[in-house]
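Undergrad: Data file data.csv (CSV, C-alpha atoms) is appended below.
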chain,number,residue,atom,x,y,z
N,1,MET,CA,3.9,-9.8,-10.2
N,2,SER,CA,6.3,-8.7,-12.9
N,3,ASP,CA,6.4,-8.3,-16.6
N,4,ASN,CA,7.9,-11.9,-16.8
N,5,ASP,CA,4.9,-13.3,-14.9
N,6,VAL,CA,2.8,-15.9,-16.7
N,7,MET,CA,-0.3,-13.9,-15.8
N,8,PRO,CA,-0.4,-11.0,-18.4
N,9,TYR,CA,-2.9,-8.2,-17.6
N,10,ALA,CA,-5.9,-7.7,-19.8
N,11,ARG,CA,-6.2,-4.4,-21.6
N,12,PHE,CA,-6.3,-1.4,-19.2
N,13,ASP,CA,-9.6,-0.2,-20.6
N,14,SER,CA,-11.5,-3.5,-20.5
N,15,VAL,CA,-13.6,-4.5,-17.6
N,16,GLU,CA,-11.3,-7.4,-16.8
N,17,GLY,CA,-8.2,-5.2,-17.0
N,18,LEU,CA,-9.8,-2.5,-14.8
N,19,LEU,CA,-10.7,-5.0,-12.2
N,20,GLN,CA,-7.2,-6.6,-12.3
N,21,ARG,CA,-5.7,-3.2,-11.6
N,22,GLY,CA,-8.2,-2.2,-9.0
N,23,ARG,CA,-9.3,0.9,-10.9
N,24,GLY,CA,-12.5,2.7,-9.7
N,25,LEU,CA,-14.0,2.5,-13.2
N,26,GLY,CA,-14.0,-1.3,-12.8
N,27,PRO,CA,-16.9,-1.5,-10.4
N,28,VAL,CA,-18.8,1.3,-12.2
N,29,ARG,CA,-18.7,-0.7,-15.5
N,30,ALA,CA,-19.2,-4.0,-13.8
N,31,LEU,CA,-22.5,-2.9,-12.3
N,32,ARG,CA,-23.8,-2.3,-15.9
N,33,ASN,CA,-23.4,-6.1,-16.6
N,34,PRO,CA,-22.9,-8.1,-13.4
N,35,LEU,CA,-23.1,-11.5,-15.1
N,36,GLU,CA,-20.3,-10.6,-17.5
N,37,ALA,CA,-18.1,-9.1,-14.7
N,38,ALA,CA,-18.6,-11.8,-12.0
N,39,PRO,CA,-16.1,-14.3,-13.4
N,40,PHE,CA,-13.4,-11.6,-13.4
N,41,VAL,CA,-14.2,-10.8,-9.7
N,42,TYR,CA,-13.9,-14.5,-8.7
N,43,ASP,CA,-10.7,-14.7,-10.7
N,44,GLY,CA,-9.3,-11.7,-8.8
N,45,ILE,CA,-9.7,-13.7,-5.6
N,46,ARG,CA,-8.5,-17.0,-7.0
N,47,ARG,CA,-5.4,-15.4,-8.5
N,48,ASP,CA,-3.3,-12.6,-7.0
N,49,TRP,CA,-3.3,-9.7,-9.5
N,50,ARG,CA,-1.7,-7.3,-7.2
N,51,TRP,CA,1.7,-6.0,-8.4
N,52,ASP,CA,3.2,-6.4,-4.9
N,53,GLY,CA,2.1,-6.8,-1.3
N,54,PHE,CA,1.6,-3.1,-0.8
N,55,ASP,CA,-1.5,-3.1,-3.1
N,56,ASP,CA,-4.9,-3.5,-1.6
N,57,ARG,CA,-7.7,-5.6,-3.0
N,58,ALA,CA,-9.8,-7.1,-0.2
N,59,CYS,CA,-12.3,-4.3,0.4
N,60,TYR,CA,-12.5,-3.7,-3.4
N,61,LEU,CA,-13.3,-7.4,-4.1
N,62,ALA,CA,-15.6,-7.8,-1.2
N,63,GLY,CA,-17.6,-4.7,-2.3
N,64,LEU,CA,-17.9,-6.2,-5.8
N,65,VAL,CA,-19.2,-9.5,-4.5
N,66,ARG,CA,-21.8,-7.7,-2.5
N,67,ASP,CA,-22.8,-5.0,-5.0
N,68,LEU,CA,-23.0,-7.3,-8.0
N,69,GLY,CA,-25.2,-9.7,-6.0
N,70,MET,CA,-22.7,-12.5,-6.4
N,71,SER,CA,-22.8,-15.8,-4.4
N,72,PRO,CA,-20.1,-16.1,-1.8
N,73,ALA,CA,-20.0,-19.9,-2.4
N,74,PRO,CA,-17.2,-19.9,-4.9
N,75,VAL,CA,-15.2,-17.7,-2.5
N,76,VAL,CA,-15.9,-20.2,0.3
N,77,GLU,CA,-14.6,-23.0,-1.9
N,78,LEU,CA,-11.2,-21.2,-2.2
N,79,LEU,CA,-10.6,-21.6,1.5
N,80,ALA,CA,-9.7,-25.2,0.6
N,81,GLY,CA,-7.1,-24.0,-2.0
N,82,ASP,CA,-3.5,-23.2,-1.4
N,83,GLU,CA,-2.3,-20.8,1.3
N,84,GLY,CA,-2.5,-17.7,-1.0
N,85,GLN,CA,-6.0,-18.6,-2.2
N,86,CYS,CA,-7.2,-19.2,1.3
N,87,ARG,CA,-5.8,-15.9,2.5
N,88,ARG,CA,-7.4,-13.9,-0.2
N,89,ALA,CA,-10.7,-15.7,0.2
N,90,ALA,CA,-10.6,-15.2,4.0
N,91,GLU,CA,-9.9,-11.5,3.6
N,92,VAL,CA,-13.0,-11.1,1.4
N,93,LEU,CA,-15.2,-13.3,3.5
N,94,GLU,CA,-14.4,-11.6,6.8
N,95,LEU,CA,-15.4,-8.3,5.3
N,96,LEU,CA,-18.6,-9.7,3.9
N,97,ALA,CA,-19.4,-11.0,7.3
N,98,LEU,CA,-19.2,-7.5,8.7
N,99,ASP,CA,-21.9,-6.6,6.1
N,100,ASP,CA,-24.2,-9.3,7.6
N,101,CYS,CA,-23.3,-12.1,5.3
N,102,ASP,CA,-24.0,-15.1,7.6
N,103,GLU,CA,-22.7,-17.6,5.0
N,104,ALA,CA,-19.3,-15.9,5.0
N,105,ARG,CA,-19.1,-15.8,8.7
N,106,GLU,CA,-20.0,-19.4,9.2
N,107,ALA,CA,-17.6,-20.5,6.5
N,108,LEU,CA,-14.7,-18.9,8.3
N,109,ARG,CA,-15.8,-20.3,11.6
N,110,SER,CA,-16.1,-23.7,10.1
N,111,HIS,CA,-12.6,-23.4,8.6
N,112,VAL,CA,-11.1,-22.6,12.0
N,113,ARG,CA,-12.7,-25.9,13.3
N,114,GLU,CA,-11.8,-28.1,10.3
N,115,GLY,CA,-9.8,-26.3,7.6
N,116,ALA,CA,-6.1,-26.6,6.7
N,117,HIS,CA,-5.1,-23.0,7.0
N,118,TRP,CA,-7.1,-22.4,10.2
N,119,VAL,CA,-4.3,-20.7,12.1
N,120,SER,CA,-4.0,-17.7,9.7
N,121,VAL,CA,-7.8,-17.5,9.3
N,122,LEU,CA,-8.3,-17.3,13.1
N,123,GLU,CA,-5.6,-14.7,13.5
N,124,SER,CA,-7.1,-12.6,10.6
N,125,VAL,CA,-10.7,-12.7,11.9
N,126,SER,CA,-9.6,-11.9,15.4
N,127,ARG,CA,-8.2,-8.6,14.2
N,128,ILE,CA,-11.3,-7.2,12.6
N,129,TRP,CA,-14.3,-9.2,14.0
N,130,PRO,CA,-16.2,-8.4,17.2
N,131,LEU,CA,-14.9,-10.6,20.0
N,132,GLU,CA,-18.2,-12.4,20.4
N,133,TRP,CA,-17.9,-13.8,16.8
N,134,TRP,CA,-14.8,-15.8,17.5
N,135,GLU,CA,-14.2,-16.1,21.3
N,136,ASP,CA,-16.1,-19.4,21.4
N,137,LEU,CA,-13.6,-21.0,19.1
N,138,GLY,CA,-11.1,-21.3,21.9
N,139,GLU,CA,-11.8,-25.0,22.6
N,140,ALA,CA,-11.3,-25.9,18.9
N,141,ALA,CA,-8.1,-23.9,18.8
N,142,ARG,CA,-6.6,-25.5,21.9
N,143,ALA,CA,-7.4,-29.0,20.5
N,144,ARG,CA,-6.0,-28.3,17.0
N,145,ILE,CA,-2.9,-26.3,18.0
N,146,ARG,CA,-1.3,-29.6,19.2
N,147,GLY,CA,-1.1,-30.8,15.6
N,148,GLU,CA,0.8,-27.7,14.4
N,149,PRO,CA,4.6,-28.0,13.9
N,150,GLU,CA,5.3,-24.9,16.0
N,151,PRO,CA,3.6,-22.4,18.2
N,152,PRO,CA,1.9,-19.4,16.6
N,153,TRP,CA,3.6,-16.0,16.5
N,154,PHE,CA,0.9,-13.4,17.2
N,155,THR,CA,-0.4,-12.6,20.6
N,156,GLU,CA,-4.1,-12.4,19.7
N,157,PRO,CA,-6.1,-14.6,19.8
N,158,TRP,CA,-3.7,-17.2,21.3
N,159,THR,CA,-3.0,-15.8,24.7
N,160,ARG,CA,-6.7,-15.2,25.2
N,161,PHE,CA,-7.1,-19.0,24.7
N,162,GLY,CA,-4.2,-19.9,27.0
N,163,ILE,CA,-2.0,-21.0,24.1
N,164,GLU,CA,1.7,-20.4,24.2
N,165,VAL,CA,3.1,-18.2,21.4
N,166,GLN,CA,6.6,-17.9,20.0
N,167,ARG,CA,8.6,-14.9,21.2
N,168,PRO,CA,10.6,-13.6,18.2
N,169,ASP,CA,14.2,-12.7,18.9
N,170,PRO,CA,14.2,-8.9,18.9
N,171,GLY,CA,17.9,-8.9,17.9
N,172,PRO,CA,20.5,-6.7,19.5
N,173,THR,CA,19.3,-3.6,21.3
N,174,PRO,CA,20.5,-0.4,19.5
N,175,ASN,CA,23.0,1.5,21.5
N,176,ASP,CA,21.6,4.6,23.2
N,177,LEU,CA,23.8,7.4,21.7
N,178,THR,CA,21.6,10.3,22.7
N,179,GLY,CA,24.2,11.6,25.1
N,180,LEU,CA,26.9,11.9,22.5
N,181,THR,CA,27.9,15.1,20.8
N,182,ASP,CA,27.7,15.5,17.0
N,183,ASP,CA,31.5,15.2,16.7
N,184,GLU,CA,31.5,12.0,18.8
N,185,LEU,CA,28.9,10.5,16.5
N,186,LEU,CA,31.0,11.3,13.5
N,187,ASP,CA,34.0,9.6,15.2
N,188,LEU,CA,31.9,6.5,15.6
N,189,LEU,CA,31.2,6.3,11.9
N,190,ALA,CA,34.8,5.0,11.6
N,191,GLU,CA,34.0,2.0,13.8
N,192,ALA,CA,32.3,-0.9,12.0
N,193,GLY,CA,30.3,-2.0,15.0
N,194,SER,CA,28.7,1.3,15.8
N,195,ARG,CA,28.1,3.1,12.4
N,196,VAL,CA,24.5,2.1,12.0
N,197,ASP,CA,23.7,3.3,15.6
N,198,ALA,CA,25.4,6.6,14.9
N,199,LEU,CA,23.5,7.1,11.7
N,200,ARG,CA,20.3,6.3,13.4
N,201,GLU,CA,21.0,9.0,16.0
N,202,LEU,CA,22.1,11.5,13.3
N,203,SER,CA,18.9,10.9,11.4
N,204,ARG,CA,17.0,12.3,14.4
N,205,ARG,CA,19.0,15.4,14.9
N,206,ASP,CA,19.4,18.8,13.2
N,207,PRO,CA,21.7,18.7,10.1
N,208,VAL,CA,25.3,17.8,10.8
N,209,GLU,CA,27.4,19.0,7.9
N,210,GLY,CA,30.3,16.9,9.0
N,211,LEU,CA,28.5,13.8,7.8
N,212,ILE,CA,28.7,14.9,4.1
N,213,PRO,CA,32.4,14.0,3.3
N,214,LEU,CA,31.9,10.6,5.0
N,215,VAL,CA,28.9,9.6,2.9
N,216,PRO,CA,30.8,7.7,0.1
N,217,SER,CA,32.5,5.5,2.7
N,218,LEU,CA,29.4,4.5,4.6
N,219,VAL,CA,28.7,1.3,2.6
N,220,THR,CA,28.0,-2.4,3.4
N,221,PRO,CA,31.1,-4.7,3.4
N,222,ASP,CA,30.5,-5.7,-0.3
N,223,GLY,CA,30.5,-2.1,-1.3
N,224,ARG,CA,27.2,-2.4,-3.2
N,225,HIS,CA,24.7,-0.7,-0.8
N,226,PRO,CA,24.6,2.2,1.6
N,227,LEU,CA,24.5,1.4,5.3
N,228,PRO,CA,21.1,1.3,6.9
N,229,ARG,CA,19.9,4.7,8.0
N,230,LEU,CA,22.3,6.6,5.7
N,231,ARG,CA,19.6,7.8,3.4
N,232,GLN,CA,17.5,9.1,6.4
N,233,ALA,CA,20.6,10.9,7.8
N,234,VAL,CA,21.3,12.5,4.4
N,235,ASP,CA,17.6,13.5,4.1
N,236,ARG,CA,18.1,15.5,7.3
N,237,LEU,CA,20.9,17.5,5.6
N,238,GLY,CA,18.4,18.9,3.1
N,239,ALA,CA,19.9,21.4,0.7
N,240,LEU,CA,23.2,21.4,2.5
N,241,ALA,CA,24.0,18.1,0.7
N,242,VAL,CA,23.4,19.6,-2.8
N,243,PRO,CA,27.1,20.6,-3.6
N,244,ALA,CA,28.3,17.1,-2.7
N,245,ALA,CA,25.4,15.5,-4.5
N,246,ARG,CA,26.5,17.1,-7.7
N,247,ARG,CA,29.7,15.1,-7.4
N,248,TRP,CA,27.9,11.9,-6.3
N,249,VAL,CA,25.8,11.7,-9.4
N,250,GLY,CA,28.9,11.1,-11.5
N,251,ASP,CA,30.2,8.3,-9.3
N,252,GLU,CA,30.6,4.8,-10.8
N,253,ARG,CA,28.9,3.3,-7.7
N,254,GLU,CA,25.3,3.0,-8.5
N,255,TRP,CA,24.0,3.5,-5.0
N,256,LEU,CA,25.9,6.7,-4.6
N,257,ALA,CA,24.9,8.1,-8.0
N,258,ARG,CA,21.3,7.3,-7.1
N,259,LEU,CA,21.6,9.0,-3.8
N,260,GLY,CA,23.1,12.1,-5.4
N,261,SER,CA,20.3,12.2,-8.0
N,262,ASP,CA,17.6,12.0,-5.3
N,263,VAL,CA,19.2,14.8,-3.3
N,264,LEU,CA,19.3,17.0,-6.4
N,265,ALA,CA,15.7,16.1,-7.4
N,266,ASP,CA,14.5,17.0,-4.0
N,267,HIS,CA,16.3,20.3,-3.5
N,268,LEU,CA,17.3,21.9,-6.8
N,269,GLY,CA,15.0,24.5,-8.4
N,270,SER,CA,13.3,24.5,-11.8
N,271,GLU,CA,16.6,23.5,-13.5
N,272,VAL,CA,15.9,19.9,-12.4
N,273,ILE,CA,12.4,19.7,-14.1
N,274,PRO,CA,13.7,18.5,-17.5
N,275,VAL,CA,15.7,15.8,-15.7
N,276,LEU,CA,12.6,14.6,-13.8
N,277,VAL,CA,10.4,14.8,-16.9
N,278,ALA,CA,12.9,12.6,-18.8
N,279,GLU,CA,13.1,10.2,-15.9
N,280,LEU,CA,9.4,9.8,-15.8
N,281,ALA,CA,9.3,9.3,-19.6
N,282,GLY,CA,12.0,6.6,-19.3
N,283,GLN,CA,10.1,4.9,-16.6
N,284,TRP,CA,7.0,4.8,-18.8
N,285,ARG,CA,9.0,3.4,-21.8
N,286,ASN,CA,10.4,0.7,-19.6
N,287,ARG,CA,7.0,0.0,-17.9
N,288,ALA,CA,8.8,0.5,-14.6
N,289,TRP,CA,5.7,0.2,-12.3
N,290,CYS,CA,7.6,0.5,-9.1
N,291,GLY,CA,9.1,3.9,-8.3
N,292,PRO,CA,7.5,6.4,-10.6
N,293,ASP,CA,5.4,7.6,-7.6
N,294,ALA,CA,8.6,9.2,-6.2
N,295,THR,CA,9.3,11.0,-9.5
N,296,ALA,CA,5.7,12.2,-9.5
N,297,ARG,CA,5.9,13.6,-6.0
N,298,ARG,CA,9.1,15.5,-7.0
N,299,LEU,CA,7.5,16.9,-10.1
N,300,ALA,CA,4.4,18.0,-8.1
N,301,ARG,CA,6.3,20.6,-6.1
N,302,PHE,CA,6.9,22.6,-9.3
N,303,GLY,CA,3.2,22.9,-10.2
N,304,PRO,CA,2.4,24.1,-13.7
N,305,ALA,CA,6.1,24.5,-14.6
N,306,ALA,CA,6.2,20.7,-14.8
N,307,ALA,CA,3.5,20.5,-17.5
N,308,GLY,CA,5.8,18.4,-19.7
N,309,ALA,CA,5.2,15.4,-17.4
N,310,VAL,CA,1.4,15.5,-17.6
N,311,ALA,CA,1.0,13.0,-20.5
N,312,ASP,CA,3.1,10.4,-18.8
N,313,LEU,CA,1.4,11.0,-15.4
N,314,ARG,CA,-2.0,10.4,-17.0
N,315,ARG,CA,-0.6,7.2,-18.7
N,316,PHE,CA,0.6,5.9,-15.4
N,317,TRP,CA,-2.7,6.7,-13.6
N,318,LEU,CA,-4.7,4.9,-16.3
N,319,ARG,CA,-2.6,1.8,-16.8
N,320,THR,CA,-0.4,1.0,-13.8
N,321,PRO,CA,-1.1,-2.4,-12.2
N,322,HIS,CA,0.7,-1.2,-9.1
N,323,SER,CA,-2.4,0.3,-7.5
N,324,TYR,CA,-0.5,1.6,-4.4
N,325,GLU,CA,1.2,4.2,-6.5
N,326,ARG,CA,-1.9,5.4,-8.4
N,327,ALA,CA,-2.8,8.1,-5.8
N,328,ALA,CA,0.6,9.8,-6.2
N,329,TYR,CA,0.0,10.3,-10.0
N,330,LEU,CA,-3.4,11.9,-9.3
N,331,GLU,CA,-1.9,14.2,-6.6
N,332,ALA,CA,0.8,15.2,-9.1
N,333,LEU,CA,-1.7,15.9,-11.8
N,334,ALA,CA,-3.8,18.0,-9.4
N,335,ALA,CA,-0.7,20.1,-8.6
N,336,ILE,CA,0.5,20.5,-12.2
N,337,ASP,CA,-2.6,20.5,-14.4
N,338,PRO,CA,-5.8,20.4,-12.2
N,339,GLY,CA,-8.2,21.0,-15.1
N,340,GLY,CA,-10.3,18.1,-16.1
N,341,LEU,CA,-9.7,16.0,-13.1
N,342,ASP,CA,-13.3,15.9,-11.8
N,343,TYR,CA,-13.8,12.5,-13.5
N,344,ALA,CA,-10.6,11.1,-12.1
N,345,HIS,CA,-11.5,12.2,-8.6
N,346,THR,CA,-15.0,10.8,-9.0
N,347,GLU,CA,-13.7,7.5,-10.3
N,348,SER,CA,-11.3,7.3,-7.3
N,349,LEU,CA,-14.3,6.9,-5.0
N,350,TRP,CA,-14.5,3.3,-6.2
N,351,ASP,CA,-10.7,2.7,-6.3
N,352,CYS,CA,-9.2,-0.3,-4.5
N,353,GLU,CA,-6.7,1.9,-2.6
N,354,GLU,CA,-7.7,3.8,0.6
N,355,ARG,CA,-5.5,6.8,-0.4
N,356,ALA,CA,-7.2,7.1,-3.7
N,357,ARG,CA,-10.7,6.9,-2.2
N,358,LEU,CA,-9.7,9.6,0.3
N,359,LEU,CA,-8.7,11.9,-2.6
N,360,GLY,CA,-12.0,11.2,-4.2
N,361,ILE,CA,-13.9,12.1,-1.1
N,362,ALA,CA,-11.9,15.3,-0.7
N,363,HIS,CA,-12.0,16.5,-4.3
N,364,ALA,CA,-14.8,14.9,-6.3
N,365,PRO,CA,-17.4,17.5,-7.4
N,366,ASP,CA,-20.8,17.9,-5.8
N,367,HIS,CA,-22.8,15.8,-8.3
N,368,PRO,CA,-25.7,13.5,-7.1
N,369,GLU,CA,-23.7,10.4,-8.1
N,370,THR,CA,-20.8,11.6,-6.1
N,371,LEU,CA,-22.8,12.4,-3.0
N,372,GLU,CA,-24.6,9.0,-3.2
N,373,ARG,CA,-21.2,7.3,-3.3
N,374,ILE,CA,-19.7,9.3,-0.5
N,375,THR,CA,-22.8,8.5,1.6
N,376,ALA,CA,-22.4,4.8,0.8
N,377,LEU,CA,-18.7,5.0,1.9
N,378,ARG,CA,-19.7,6.6,5.2
N,379,ASN,CA,-22.2,3.9,5.9
N,380,ASP,CA,-20.2,0.9,4.7
N,381,PRO,CA,-19.2,-1.5,7.5
N,382,MET,CA,-16.5,-3.0,5.3
N,383,GLU,CA,-14.7,0.3,4.8
N,384,THR,CA,-11.7,1.5,6.7
N,385,PRO,CA,-12.1,3.9,9.6
N,386,ASP,CA,-10.3,6.7,7.8
N,387,VAL,CA,-12.5,6.5,4.7
N,388,ARG,CA,-15.7,6.4,6.8
N,389,ALA,CA,-14.5,9.4,8.8
N,390,GLY,CA,-13.4,11.3,5.7
N,391,ALA,CA,-16.8,10.7,4.1
N,392,GLU,CA,-18.6,11.8,7.2
N,393,ALA,CA,-16.5,15.0,7.3
N,394,ARG,CA,-17.2,15.8,3.6
N,395,LEU,CA,-20.9,15.3,4.0
N,396,ALA,CA,-21.0,17.4,7.2
N,397,ALA,CA,-19.1,20.2,5.5
N,398,MET,CA,-21.6,20.1,2.6
N,399,THR,CA,-24.6,20.2,5.0
N,400,THR,CA,-23.1,23.2,6.8
N,401,THR,CA,-22.5,25.0,3.4
N,402,TRP,CA,-26.2,24.5,2.5
N,403,LEU,CA,-27.5,25.9,5.7
N,404,PRO,CA,-29.0,29.4,5.4
Is it possible to express this structure as structure tokens?
TA:
Amino acid sequence: MSDNDVMPYARFDSVEGLLQRGRGLGPVRALRNPLEAAPFVYDGIRRDWRWDGFDDRACYLAGLVRDLGMSPAPVVELLAGDEGQCRRAAEVLELLALDDCDEAREALRSHVREGAHWVSVLESVSRIWPLEWWEDLGEAARARIRGEPEPPWFTEPWTRFGIEVQRPDPGPTPNDLTGLTDDELLDLLAEAGSRVDALRELSRRDPVEGLIPLVPSLVTPDGRHPLPRLRQAVDRLGALAVPAARRWVGDEREWLARLGSDVLADHLGSEVIPVLVAELAGQWRNRAWCGPDATARRLARFGPAAAGAVADLRRFWLRTPHSYERAAYLEALAAIDPGGLDYAHTESLWDCEERARLLGIAHAPDHPETLERITALRNDPMETPDVRAGAEARLAAMTTTWLP
């Protein structure tokens, strides 16, 4: 998705817009009027409203289908759609099957036997379903694989069925440079064929100050990008890179100026706060949905001193369509201005993102609605292991607190 996409998002505070963004308030409001919300849920499966592939939706949408009492039939129909529609529908249906929806389970099994996108469906269900739910599909898989243009890539379930898989070319094996001294690694940075291997090794070691003067020369042949692993190696330098970074920020090469800016943002003291606040404000003006989470994390380390960023952090939390970054905004708000976040943490218990739900589990207040939701998360067979474990730990801690 992008701002130039033909699928504009609905208002951030409407039920449709909340569901498109995966906000926790979406399911809460949808439950008040399931008939009105149901078309938006189906649309979220038919069309991909995620900002990019890092965003999660499957558990969120499957929970909505179940909790709103929606029929899985329209989702089953999407298995016959294009590859993207089939993938999204399969992800929802395989979770519904875990919650004892027989219609969902049988639809996916039938698709493996007869559907167009059966290979990806079988690979997907084999990752999360019990073995006994799909092991008997081996005969159908062996018969159908002959009609595929190439062998499958993944090991499971194909090797279990005796079906040959492709062996991806792992590429050249990195040189083992663990026996070299720091100075020898720095010497290798002058050799085009070994520089990435040297940077990989330096990124694992204690800071090597000799790397600093070489940084501007460690670029791809076109001069537009840093070499792979350079950023990780510079990160190891920590505050040692600050003096050089002050020079890098003024360089005409965009990649080097950005690297210098990041080093200063990570290691300078409070003098960098106005710069970070202005950066976040600019990201908001430009509706730059990818990347403000890094700015938010840098601001969070200053606590209340970064209060000038609170308004934009709240705006991003409320409105971003890039749900993967939403937890970072809430974490920054909690570090800078924690007052009044009980509602945000409670809403996060319904969020589409696992990290956000974990924040809600850890920090939502002890209200009856909160405890009911945390209990539901603990018992939900569609939930991730980390969320279920987090909910169990929160409830166990509360039980211990209540004991005389």
Undergrad: Need the shell around Leu330 in chain N: protein/DNA/RNA residues with any atom at most 9 Å away, counting only C-alpha atoms. Skip same-chain ones fewer than 2 positions apart. Format as a short mmCIF file (atom, residue, chain, number, x, y, z; two decimals) with C-alpha atoms, in the coordinates of the input?
TA:
data_model
loop_
_atom_site.label_atom_id
_atom_site.label_comp_id
_atom_site.auth_asym_id
_atom_site.auth_seq_id
_atom_site.Cartn_x
_atom_site.Cartn_y
_atom_site.Cartn_z
CA LEU N 313 1.40 11.00 -15.40
CA ARG N 314 -2.00 10.40 -17.00
CA TRP N 317 -2.70 6.70 -13.60
CA ARG N 326 -1.90 5.40 -8.40
CA ALA N 327 -2.80 8.10 -5.80
CA ALA N 328 0.60 9.80 -6.20
CA ALA N 332 0.80 15.20 -9.10
CA LEU N 333 -1.70 15.90 -11.80
CA ALA N 334 -3.80 18.00 -9.40
CA ALA N 335 -0.70 20.10 -8.60
CA LEU N 341 -9.70 16.00 -13.10
CA ALA N 344 -10.60 11.10 -12.10
CA HIS N 345 -11.50 12.20 -8.60
CA ALA N 356 -7.20 7.10 -3.70
CA LEU N 359 -8.70 11.90 -2.60
#
Undergrad: Determine, counting all atoms listed in the file, which protein, DNA and RNA residues have an atom within 7 Å of an atom of range 45-50 of chain N; residues of the same chain fewer than 5 positions away are not included. Present the result as a list in words.
TA: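 Residues near the query, excluding close chain neighbours: Met1, Gln20, Asp55, Leu78, Gln85, Arg88, Ala89 and His322 of chain N.
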Undergrad: Excluding range 379-394 of chain N and its own-chain neighbours fewer than 4 positions away, which residues fall within 9 Å of it when counting all atoms listed in the file? Please give them as an MDAnalysis selection string.
TA: chainID N and resid 59 62:63 94:99 354:355 357:358 361:362 374:375 398:399
Undergrad: So which residues touch Glu139 in chain N within 12 Å, counting only C-alpha atoms, skipping near sequence neighbours fewer than 3 positions away, as a list in words?
TA: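 The neighbour list is Val112, Arg113, Trp134, Glu135, Asp136, Arg142, Ala143, Arg144, Ile145, Arg146, Trp158, Arg160, Phe161, Gly162 and Ile163 of chain N.
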Undergrad: Residues at most 12 Å from range 185-194 of chain N, counting only C-alpha atoms, excluding those fewer than 6 positions away in the same chain, as a ChimeraX atom specification?
TA: /N:172-179,200-203,205,208-221,227-228,230,233
Undergrad: Name the closest residue to Glu279 in chain N among the candidates N:Gly339, N:Cys86, N:Leu61, N:Leu299; distances are taken between atoms, counting all atoms listed in the file.
TA: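 Checking each candidate against Glu279 in chain N, we get N:Leu299 as the closest.
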Undergrad: Can you work out which one of N:Glu77, N:Asp197, N:Glu369, N:Glu184 has the shortest atom-to-atom distance to Glu347 in chain N, counting only C-alpha atoms?
TA: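 Among the listed residues, the smallest separation from Glu347 in chain N belongs to N:Glu369.
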Undergrad: In Å to one decimal, how far is CA of Thr320 in chain N from CA of Trp255 in chain N?
TA: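 Distance reported for this atom pair: 26.1 Å.
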Undergrad: Which residue gives the smallest distance to Pro321 in chain N among N:Glu83, N:Glu271, N:Asp222, N:Asp52, with only C-alpha atoms counted?
TA: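 Among N:Glu83, N:Glu271, N:Asp222, N:Asp52, it is N:Asp52 that comes nearest to Pro321 in chain N.
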Undergrad: Residues around (-14.7, 21.0, -8.2), cut-off 9 Å, counting only C-alpha atoms - what are they as an NGL selection string?
TA: :N and (341-342 or 363-366)
Undergrad: Just how far from CA of Arg373 in chain N is CA of Val28 in chain N, in Å to one decimal?
TA: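 Rounded to one decimal, the two atoms are 11.0 Å apart.
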Undergrad: Could you jot down the CA of Asp56 in chain N to CA of Gln166 in chain N separation for me, Å, one decimal place?
TA: 28.4 Å
Undergrad: From the options N:Ala309, N:Ala245, N:Pro304, N:Glu252, which residue's atoms come nearest to Pro274 in chain N, counting only C-alpha atoms?
TA: N:Ala309
Undergrad: Taking (6.2, 28.2, -13.0) in the file's coordinates, which residues come within 12 Å, counting all atoms listed in the file, written as a list in words?
TA: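 Checking each residue against the 12 Å limit leaves Gly269, Ser270, Glu271, Ile273, Leu299, Ala300, Arg301, Phe302, Gly303, Pro304, Ala305, Ala306, Ala307, Gly308, Ala335, Ile336 and Asp337 of chain N.
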Undergrad: Given all atoms listed in the file as the basis, pick out the residue of N:Asp251, N:Val263, N:Leu64, N:Ser323 nearest to Cys290 in chain N.
TA: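 So, comparing all the options, the nearest one is N:Ser323.
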